[in-house]
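**Q** File structure13.csv follows (CSV, C-alpha atoms and all ligand atoms):
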```csv
chain,number,residue,atom,x,y,z
A,1,MET,CA,-7.1,3.2,-1.1
A,2,PRO,CA,-5.4,0.2,0.2
A,3,GLU,CA,-2.4,1.1,2.3
A,4,LEU,CA,0.4,-1.0,3.8
A,5,PRO,CA,-1.8,-2.7,6.5
A,6,GLU,CA,-4.5,-3.5,3.9
A,7,VAL,CA,-2.0,-4.9,1.5
A,8,GLU,CA,-0.6,-7.0,4.3
A,9,THR,CA,-4.1,-8.4,4.9
A,10,VAL,CA,-4.5,-9.2,1.2
A,11,ARG,CA,-1.1,-10.9,1.2
A,12,ASN,CA,-2.0,-13.1,4.2
A,13,SER,CA,-5.4,-14.0,3.0
A,14,LEU,CA,-4.2,-14.8,-0.6
A,15,LYS,CA,-1.4,-16.9,0.9
A,16,GLU,CA,-3.9,-19.2,2.4
A,17,ILE,CA,-5.6,-19.7,-0.9
A,18,ILE,CA,-3.2,-19.6,-3.8
A,19,LEU,CA,0.1,-21.1,-2.5
A,20,ASN,CA,1.0,-24.2,-4.4
A,21,GLN,CA,-1.7,-23.5,-7.0
A,22,THR,CA,-0.5,-23.8,-10.6
A,23,ILE,CA,-1.8,-21.4,-13.2
A,24,ARG,CA,-3.6,-23.4,-15.9
A,25,SER,CA,-4.7,-20.4,-18.0
A,26,ILE,CA,-4.8,-16.6,-18.0
A,27,SER,CA,-7.3,-14.4,-19.7
A,28,ILE,CA,-6.7,-10.7,-20.0
A,29,ASN,CA,-9.5,-8.2,-20.6
A,30,TYR,CA,-7.6,-5.0,-20.0
A,31,ASN,CA,-3.9,-5.3,-20.8
A,32,LYS,CA,-2.8,-1.8,-19.6
A,33,ILE,CA,-2.5,-3.1,-16.1
A,34,ILE,CA,0.6,-5.0,-17.3
A,35,LYS,CA,3.5,-2.6,-17.5
A,36,ASN,CA,6.7,-4.1,-18.6
A,37,VAL,CA,5.9,-7.1,-20.9
A,38,SER,CA,3.4,-7.8,-23.6
A,39,GLU,CA,0.1,-9.5,-23.0
A,40,GLU,CA,1.4,-12.6,-25.0
A,41,ASN,CA,4.6,-12.7,-23.0
A,42,PHE,CA,2.7,-12.4,-19.7
A,43,ILE,CA,0.5,-15.3,-20.6
A,44,SER,CA,3.2,-17.6,-22.1
A,45,SER,CA,5.6,-16.9,-19.1
A,46,LEU,CA,3.0,-17.6,-16.4
A,47,VAL,CA,0.9,-20.5,-17.6
A,48,GLY,CA,2.3,-23.6,-15.9
A,49,GLN,CA,3.9,-21.6,-13.1
A,50,THR,CA,3.0,-22.3,-9.4
A,51,PHE,CA,2.6,-19.7,-6.7
A,52,LEU,CA,5.3,-20.4,-4.1
A,53,ASP,CA,5.1,-17.4,-1.8
A,54,ILE,CA,3.9,-13.9,-1.5
A,55,ASP,CA,5.9,-11.0,-0.1
A,56,ARG,CA,5.2,-7.4,0.3
A,57,HIS,CA,7.4,-4.3,-0.1
A,58,GLY,CA,5.7,-1.1,1.0
A,59,LYS,CA,2.3,-1.3,-0.8
A,60,TYR,CA,3.6,-3.7,-3.5
A,61,LEU,CA,2.7,-7.4,-3.5
A,62,ILE,CA,5.5,-9.7,-4.8
A,63,PHE,CA,4.2,-13.0,-6.0
A,64,HIS,CA,7.0,-15.7,-6.2
A,65,LEU,CA,6.5,-18.2,-8.9
A,66,ASN,CA,8.9,-20.9,-10.1
A,67,ASP,CA,10.8,-18.7,-12.6
A,68,TYR,CA,9.2,-15.3,-12.1
A,69,TYR,CA,8.3,-12.5,-9.8
A,70,LEU,CA,5.0,-10.8,-10.4
A,71,ILE,CA,4.9,-7.4,-8.7
A,72,SER,CA,1.4,-6.0,-8.2
A,73,HIS,CA,0.2,-2.6,-6.9
A,74,LEU,CA,-3.5,-2.2,-6.2
A,75,ARG,CA,-3.4,1.6,-6.3
A,76,MET,CA,-6.9,3.1,-5.7
A,77,GLU,CA,-9.4,0.3,-6.0
A,78,GLY,CA,-7.6,-2.9,-7.0
A,79,LYS,CA,-8.4,-6.2,-5.4
A,80,TYR,CA,-8.1,-9.9,-5.9
A,81,LEU,CA,-11.2,-11.9,-5.9
A,82,ILE,CA,-11.4,-15.7,-5.6
A,83,LYS,CA,-14.2,-17.1,-7.7
A,84,ASN,CA,-15.4,-20.2,-9.4
A,85,GLU,CA,-17.6,-20.3,-12.5
A,86,GLU,CA,-19.3,-17.0,-12.0
A,87,GLU,CA,-19.6,-14.8,-15.1
A,88,ILE,CA,-16.7,-12.4,-15.5
A,89,ASN,CA,-17.7,-8.8,-14.9
A,90,LYS,CA,-16.3,-5.7,-16.7
A,91,HIS,CA,-14.1,-4.7,-13.8
A,92,GLU,CA,-12.3,-8.1,-13.7
A,93,HIS,CA,-9.3,-7.4,-15.9
A,94,ILE,CA,-6.9,-10.4,-15.4
A,95,ILE,CA,-8.1,-13.9,-14.6
A,96,PHE,CA,-5.7,-16.6,-13.4
A,97,THR,CA,-7.4,-20.0,-13.6
A,98,PHE,CA,-6.2,-22.8,-11.3
A,99,ASP,CA,-7.5,-26.4,-11.3
A,100,ASP,CA,-10.5,-25.7,-9.1
A,101,PHE,CA,-11.1,-22.0,-8.9
A,102,ASN,CA,-9.8,-18.7,-10.3
A,103,MET,CA,-8.3,-15.5,-9.0
A,104,ARG,CA,-9.5,-12.3,-10.6
A,105,TYR,CA,-7.8,-9.0,-10.5
A,106,HIS,CA,-10.7,-6.5,-10.1
A,107,ASP,CA,-10.1,-2.8,-10.5
A,108,THR,CA,-12.9,-0.3,-11.1
A,109,ARG,CA,-10.4,2.6,-11.6
A,110,LYS,CA,-7.9,0.6,-13.7
A,111,PHE,CA,-4.9,2.3,-12.0
A,112,GLY,CA,-3.4,-0.9,-10.6
A,113,THR,CA,-0.1,-2.2,-12.1
A,114,MET,CA,1.7,-5.5,-12.7
A,115,HIS,CA,5.3,-6.0,-13.5
A,116,LEU,CA,6.8,-9.4,-14.5
A,117,TYR,CA,10.5,-10.2,-14.0
A,118,GLN,CA,12.5,-13.4,-14.3
A,119,LYS,CA,13.9,-14.6,-11.0
A,120,ASN,CA,17.6,-14.0,-12.0
A,121,ILE,CA,16.9,-10.2,-12.0
A,122,ASN,CA,17.3,-8.1,-8.8
A,123,ILE,CA,13.8,-6.6,-8.7
A,124,PHE,CA,14.9,-4.0,-6.2
A,125,ASP,CA,17.0,-2.4,-8.9
A,126,GLU,CA,14.1,-2.3,-11.4
A,127,LEU,CA,10.9,-0.3,-11.7
A,128,PRO,CA,8.7,0.0,-9.7
A,129,LEU,CA,10.6,-1.2,-6.6
A,130,LYS,CA,13.7,0.8,-7.1
A,131,ASN,CA,11.6,3.9,-6.3
A,132,VAL,CA,10.4,2.5,-3.0
A,133,GLY,CA,12.2,3.4,0.2
A,134,TYR,CA,12.4,1.4,3.5
A,135,GLU,CA,9.4,0.6,5.6
A,136,PRO,CA,9.3,2.1,9.1
A,137,PHE,CA,10.0,-1.5,10.5
A,138,ASP,CA,13.2,-1.8,8.4
A,139,ASN,CA,16.3,-1.3,10.6
A,140,ARG,CA,18.0,0.4,7.7
A,141,LEU,CA,15.6,3.3,8.1
A,142,THR,CA,17.3,5.2,11.0
A,143,ILE,CA,16.5,8.4,12.7
A,144,ASP,CA,19.7,10.1,11.4
A,145,ASN,CA,19.2,8.8,7.9
A,146,LEU,CA,15.6,10.2,7.9
A,147,TYR,CA,16.6,13.4,9.6
A,148,ASN,CA,19.3,14.0,6.9
A,149,LYS,CA,16.7,13.5,4.1
A,150,PHE,CA,14.2,15.8,5.9
A,151,GLN,CA,16.8,18.6,6.1
A,152,LYS,CA,16.8,18.9,2.3
A,153,MET,CA,13.0,19.0,1.9
A,154,LYS,CA,10.9,22.1,1.9
A,155,LYS,CA,7.5,20.4,1.3
A,156,PRO,CA,4.9,20.1,4.0
A,157,ILE,CA,5.5,17.1,6.2
A,158,LYS,CA,2.2,15.5,5.2
A,159,THR,CA,3.4,15.4,1.6
A,160,THR,CA,6.8,14.0,2.6
A,161,LEU,CA,5.2,11.2,4.6
A,162,LEU,CA,3.3,10.2,1.5
A,163,ASP,CA,6.4,10.0,-0.6
A,164,GLN,CA,7.1,6.3,-0.9
A,165,LYS,CA,10.8,7.0,-1.7
A,166,ILE,CA,11.3,8.5,1.8
A,167,ILE,CA,9.2,6.0,3.9
A,168,ALA,CA,7.5,3.1,2.2
A,169,GLY,CA,4.0,2.2,3.3
A,170,LEU,CA,2.5,5.3,4.9
A,171,GLY,CA,-0.6,6.4,3.0
A,172,ASN,CA,-3.1,9.2,3.5
A,173,ILE,CA,-5.0,7.7,6.5
A,174,TYR,CA,-2.0,6.7,8.4
A,175,ALA,CA,0.0,9.8,7.7
A,176,ASP,CA,-2.8,11.8,9.3
A,177,GLU,CA,-2.8,9.5,12.3
A,178,VAL,CA,1.0,9.7,12.7
A,179,LEU,CA,1.0,13.5,12.6
A,180,TYR,CA,-1.9,13.7,15.1
A,181,SER,CA,-0.2,11.4,17.5
A,182,THR,CA,3.0,13.4,17.3
A,183,ARG,CA,1.1,16.7,17.5
A,184,ILE,CA,2.9,18.0,14.4
A,185,ASN,CA,0.9,20.2,12.0
A,186,PRO,CA,0.6,18.6,8.5
A,187,LEU,CA,1.7,21.9,6.9
A,188,THR,CA,5.0,22.1,8.8
A,189,GLN,CA,7.9,22.5,6.4
A,190,THR,CA,9.8,19.2,6.5
A,191,ASN,CA,13.2,20.8,7.0
A,192,LYS,CA,12.0,22.7,10.0
A,193,LEU,CA,11.5,19.5,12.0
A,194,SER,CA,14.0,18.7,14.8
A,195,ARG,CA,15.7,15.4,15.2
A,196,GLU,CA,13.4,14.7,18.1
A,197,ASP,CA,10.4,15.3,15.8
A,198,VAL,CA,11.8,12.8,13.3
A,199,GLU,CA,12.2,10.2,16.1
A,200,LYS,CA,8.6,10.8,17.2
A,201,ILE,CA,7.4,10.4,13.6
A,202,LEU,CA,9.3,7.1,13.1
A,203,ASN,CA,8.1,5.7,16.4
A,204,ALA,CA,4.5,6.7,15.7
A,205,SER,CA,4.7,5.3,12.2
A,206,ARG,CA,5.8,1.9,13.6
A,207,LYS,CA,3.1,2.0,16.2
A,208,VAL,CA,0.2,3.0,14.0
A,209,LEU,CA,1.1,0.5,11.2
A,210,LYS,CA,1.7,-2.3,13.6
A,211,LYS,CA,-1.7,-1.8,15.2
A,212,ALA,CA,-3.4,-1.4,11.8
A,213,ILE,CA,-1.8,-4.6,10.6
A,214,SER,CA,-2.9,-6.5,13.7
A,215,LEU,CA,-6.5,-5.3,13.0
A,216,GLY,CA,-6.4,-6.1,9.3
A,217,GLY,CA,-6.2,-2.6,8.1
A,218,THR,CA,-8.9,0.0,7.7
A,219,THR,CA,-11.9,-0.1,5.4
A,220,ILE,CA,-13.0,3.2,4.1
A,221,ARG,CA,-15.2,3.7,1.1
A,222,SER,CA,-14.9,0.9,-1.4
A,223,PHE,CA,-11.8,-0.9,-0.3
A,224,VAL,CA,-12.3,-4.5,0.5
A,225,SER,CA,-9.4,-6.9,0.8
A,226,SER,CA,-9.5,-10.3,-0.9
A,227,HIS,CA,-12.5,-12.5,0.0
A,228,ASP,CA,-14.1,-9.6,1.7
A,229,ILE,CA,-12.3,-9.3,4.9
A,230,SER,CA,-12.9,-5.9,6.3
A,231,GLY,CA,-10.3,-4.2,8.4
A,232,ARG,CA,-11.2,-3.1,11.9
A,233,PHE,CA,-8.7,-0.3,12.2
A,234,GLN,CA,-11.3,2.3,11.3
A,235,ASN,CA,-12.6,2.0,14.8
A,236,GLU,CA,-9.2,3.1,16.1
A,237,LEU,CA,-8.8,6.2,13.9
A,238,LEU,CA,-8.3,9.3,16.1
A,239,ILE,CA,-8.3,12.1,13.5
A,240,HIS,CA,-8.7,10.9,9.9
A,241,THR,CA,-12.4,11.5,8.9
A,242,LYS,CA,-13.2,12.7,12.5
A,243,LYS,CA,-15.3,15.7,13.4
A,244,THR,CA,-14.1,16.2,17.0
A,245,CYS,CA,-10.6,16.0,18.4
A,246,PRO,CA,-10.5,13.2,21.0
A,247,ASN,CA,-7.9,15.1,23.0
A,248,CYS,CA,-9.3,18.7,23.3
A,249,ARG,CA,-12.9,18.1,22.0
A,250,LYS,CA,-12.6,21.0,19.5
A,251,GLU,CA,-13.5,20.8,15.9
A,252,VAL,CA,-11.1,18.9,13.6
A,253,ALA,CA,-10.0,20.8,10.5
A,254,LYS,CA,-10.0,19.3,7.0
A,255,ILE,CA,-7.7,20.8,4.5
A,256,TYR,CA,-6.0,19.7,1.2
A,257,VAL,CA,-2.3,19.2,1.3
A,258,GLY,CA,-0.9,18.4,-2.2
A,259,SER,CA,-4.6,17.6,-3.2
A,260,ARG,CA,-4.9,15.0,-0.5
A,261,GLY,CA,-7.7,15.4,2.1
A,262,THR,CA,-6.0,16.0,5.4
A,263,TYR,CA,-7.5,16.0,8.9
A,264,TYR,CA,-5.8,17.6,11.9
A,265,CYS,CA,-6.6,19.5,15.1
A,266,PRO,CA,-5.6,23.2,14.9
A,267,ASP,CA,-5.4,23.3,18.7
A,268,CYS,CA,-3.4,20.2,19.3
A,269,GLN,CA,-1.3,20.5,16.2
A,270,PRO,CA,-0.5,24.2,15.9
A,271,LEU,CA,1.7,25.4,13.2
A,272,ARG,CA,5.0,26.3,14.9
A,301,ZN,ZN,-7.3,18.8,19.7
```
Just give me the structure as structure tokens.
**A**
Amino acid sequence: MPELPEVETVRNSLKEIILNQTIRSISINYNKIIKNVSEENFISSLVGQTFLDIDRHGKYLIFHLNDYYLISHLRMEGKYLIKNEEEINKHEHIIFTFDDFNMRYHDTRKFGTMHLYQKNINIFDELPLKNVGYEPFDNRLTIDNLYNKFQKMKKPIKTTLLDQKIIAGLGNIYADEVLYSTRINPLTQTNKLSREDVEKILNASRKVLKKAISLGGTTIRSFVSSHDISGRFQNELLIHTKKTCPNCRKEVAKIYVGSRGTYYCPDCQPLR
């Protein structure tokens, strides 16, 4: 699944290709990707609009057009492909055609979403962005603020780190890496963590995500960012998908926490 660093890679690579391109036509083969407007409204609003910028908030891409914001989440398998005349395959659900090429939203699982808003609307007050918290890099996400939230939560810390309302942008891979680097057991009840633990988690989140962004993210299983750039962060993973702990050389444990495959070292990350 693309996580924040992968989405950042997609954003940067798409920016090089689609900025200043005007949408000449749109064809939609699976309209359930579009969440808040009808297929007809989506097409009539966007044809003639030019891509002016692309932002990211957590794992959401925010495309800026002349009069609209298009908010896209890739979920499990979504990707944007740049193509020319090639035949459209069954996984290409929404095709934006420009003068010389087209951009196709490809999603084998069909879990991705798109929301369209006029620019006079504050998109951070609307779905889906109103449910997304601050990123670890955001100054508004402070240790005290996070610690206070953690105090009210009885879930395992692994589950809390995946909750995008609490911290935006940490997915399954990076949550495992953050917990390993802080030596915190993924099953630790969130409200049992000290203020010092919270500080360590926040610092580790920044460090892990920064490094992953600089390496273009991680490519695990089928995720490929737009025009097939593969992330190199998989070489830097210390615990996620590993067999042996790089610190103590003992066997890494794989468990499921809230149905998400979770890797940790029982020796280095004992349950306190
Ligand atoms: Zn270990």
**Q** Write out as a ChimeraX atom specification which residues come within 12 Å of A:Pro270 when counting all atoms listed in the file, dropping same-chain ones fewer than 3 positions away.
**A** /A:179-180,182-188,253,264-267
**Q** Throw together the list of residues within 8 Å of ligand ZN 301 (chain A), counting only C-alpha atoms and all ligand atoms, and drop it here as a list in words.
**A**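 After applying the 8 Å limit, what remains is Thr244, Cys245, Pro246, Asn247, Cys248, Arg249, Lys250, Glu251, Val252, Cys265, Pro266, Asp267, Cys268 and Gln269 of chain A.
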**Q** What's the 10 Å shell around stretch 205-213 of chain A, counting all atoms listed in the file, without same-chain residues fewer than 4 positions away, as number ranges by chain?
**A** A: 3-9, 135-138, 161, 167, 169-170, 174-175, 177-179, 181-182, 199-201, 217-218, 231-234, 236-237
**Q** Name the residues in contact with stretch 35-44 of chain A at a cut-off of 8 Å, using all atoms listed in the file, excluding same-chain residues fewer than 2 positions from it; report them as a short mmCIF file (atom, residue, chain, number, x, y, z; two decimals) with C-alpha atoms, keeping the file's coordinate frame.
**A**
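Here's the written file around-v2.cif:
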```cif
data_model
loop_
_atom_site.label_atom_id
_atom_site.label_comp_id
_atom_site.auth_asym_id
_atom_site.auth_seq_id
_atom_site.Cartn_x
_atom_site.Cartn_y
_atom_site.Cartn_z
CA SER A 25 -4.70 -20.40 -18.00
CA ILE A 26 -4.80 -16.60 -18.00
CA SER A 27 -7.30 -14.40 -19.70
CA ILE A 28 -6.70 -10.70 -20.00
CA ASN A 31 -3.90 -5.30 -20.80
CA LYS A 32 -2.80 -1.80 -19.60
CA ILE A 33 -2.50 -3.10 -16.10
CA LEU A 46 3.00 -17.60 -16.40
CA VAL A 47 0.90 -20.50 -17.60
CA THR A 113 -0.10 -2.20 -12.10
CA MET A 114 1.70 -5.50 -12.70
CA HIS A 115 5.30 -6.00 -13.50
CA LEU A 116 6.80 -9.40 -14.50
#
```
**Q** Closest to A:Gly112 among A:Leu202, A:Ile166, A:Leu61, A:Ile143, using only C-alpha atoms?
**A**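 Result for the nearest residue to A:Gly112: A:Leu61.
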**Q** Take atom CA of A:Asp176 and atom CA of A:Tyr60 and report the distance between them in Å, one decimal.
**A**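 Interatomic distance here is 21.1 Å.
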**Q** Identify the residues within 12 Å of coordinate (3.3, 17.6, -0.3) (same frame as the file), considering all atoms listed in the file, and give the answer as a PDB file with C-alpha atoms, in the frame of the given file.
**A**
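Wrote out.pdb, looks like this:
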```
ATOM      1  CA  MET A 153      13.000  19.000   1.900  1.00  0.00           C
ATOM      2  CA  LYS A 154      10.900  22.100   1.900  1.00  0.00           C
ATOM      3  CA  LYS A 155       7.500  20.400   1.300  1.00  0.00           C
ATOM      4  CA  PRO A 156       4.900  20.100   4.000  1.00  0.00           C
ATOM      5  CA  ILE A 157       5.500  17.100   6.200  1.00  0.00           C
ATOM      6  CA  LYS A 158       2.200  15.500   5.200  1.00  0.00           C
ATOM      7  CA  THR A 159       3.400  15.400   1.600  1.00  0.00           C
ATOM      8  CA  THR A 160       6.800  14.000   2.600  1.00  0.00           C
ATOM      9  CA  LEU A 161       5.200  11.200   4.600  1.00  0.00           C
ATOM     10  CA  LEU A 162       3.300  10.200   1.500  1.00  0.00           C
ATOM     11  CA  ASP A 163       6.400  10.000  -0.600  1.00  0.00           C
ATOM     12  CA  GLN A 164       7.100   6.300  -0.900  1.00  0.00           C
ATOM     13  CA  ASN A 172      -3.100   9.200   3.500  1.00  0.00           C
ATOM     14  CA  ALA A 175       0.000   9.800   7.700  1.00  0.00           C
ATOM     15  CA  PRO A 186       0.600  18.600   8.500  1.00  0.00           C
ATOM     16  CA  LEU A 187       1.700  21.900   6.900  1.00  0.00           C
ATOM     17  CA  THR A 188       5.000  22.100   8.800  1.00  0.00           C
ATOM     18  CA  GLN A 189       7.900  22.500   6.400  1.00  0.00           C
ATOM     19  CA  THR A 190       9.800  19.200   6.500  1.00  0.00           C
ATOM     20  CA  TYR A 256      -6.000  19.700   1.200  1.00  0.00           C
ATOM     21  CA  VAL A 257      -2.300  19.200   1.300  1.00  0.00           C
ATOM     22  CA  GLY A 258      -0.900  18.400  -2.200  1.00  0.00           C
ATOM     23  CA  SER A 259      -4.600  17.600  -3.200  1.00  0.00           C
ATOM     24  CA  ARG A 260      -4.900  15.000  -0.500  1.00  0.00           C
ATOM     25  CA  GLY A 261      -7.700  15.400   2.100  1.00  0.00           C
ATOM     26  CA  THR A 262      -6.000  16.000   5.400  1.00  0.00           C
TER      27      THR A 262
END
```
**Q** For A:Arg109, work out the shell of residues within 8 Å, counting all atoms listed in the file and skipping chain neighbours fewer than 4 positions away, then give it as a list of chain:residue names.
**A**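 Result of the neighbour search: A:Met76, A:Glu77, A:Gly78.
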**Q** Which residue, A:Ile18, A:Phe111, A:Lys83, A:Arg104, has the smallest gap to A:Ile54 when you use only C-alpha atoms?
**A** A:Ile18
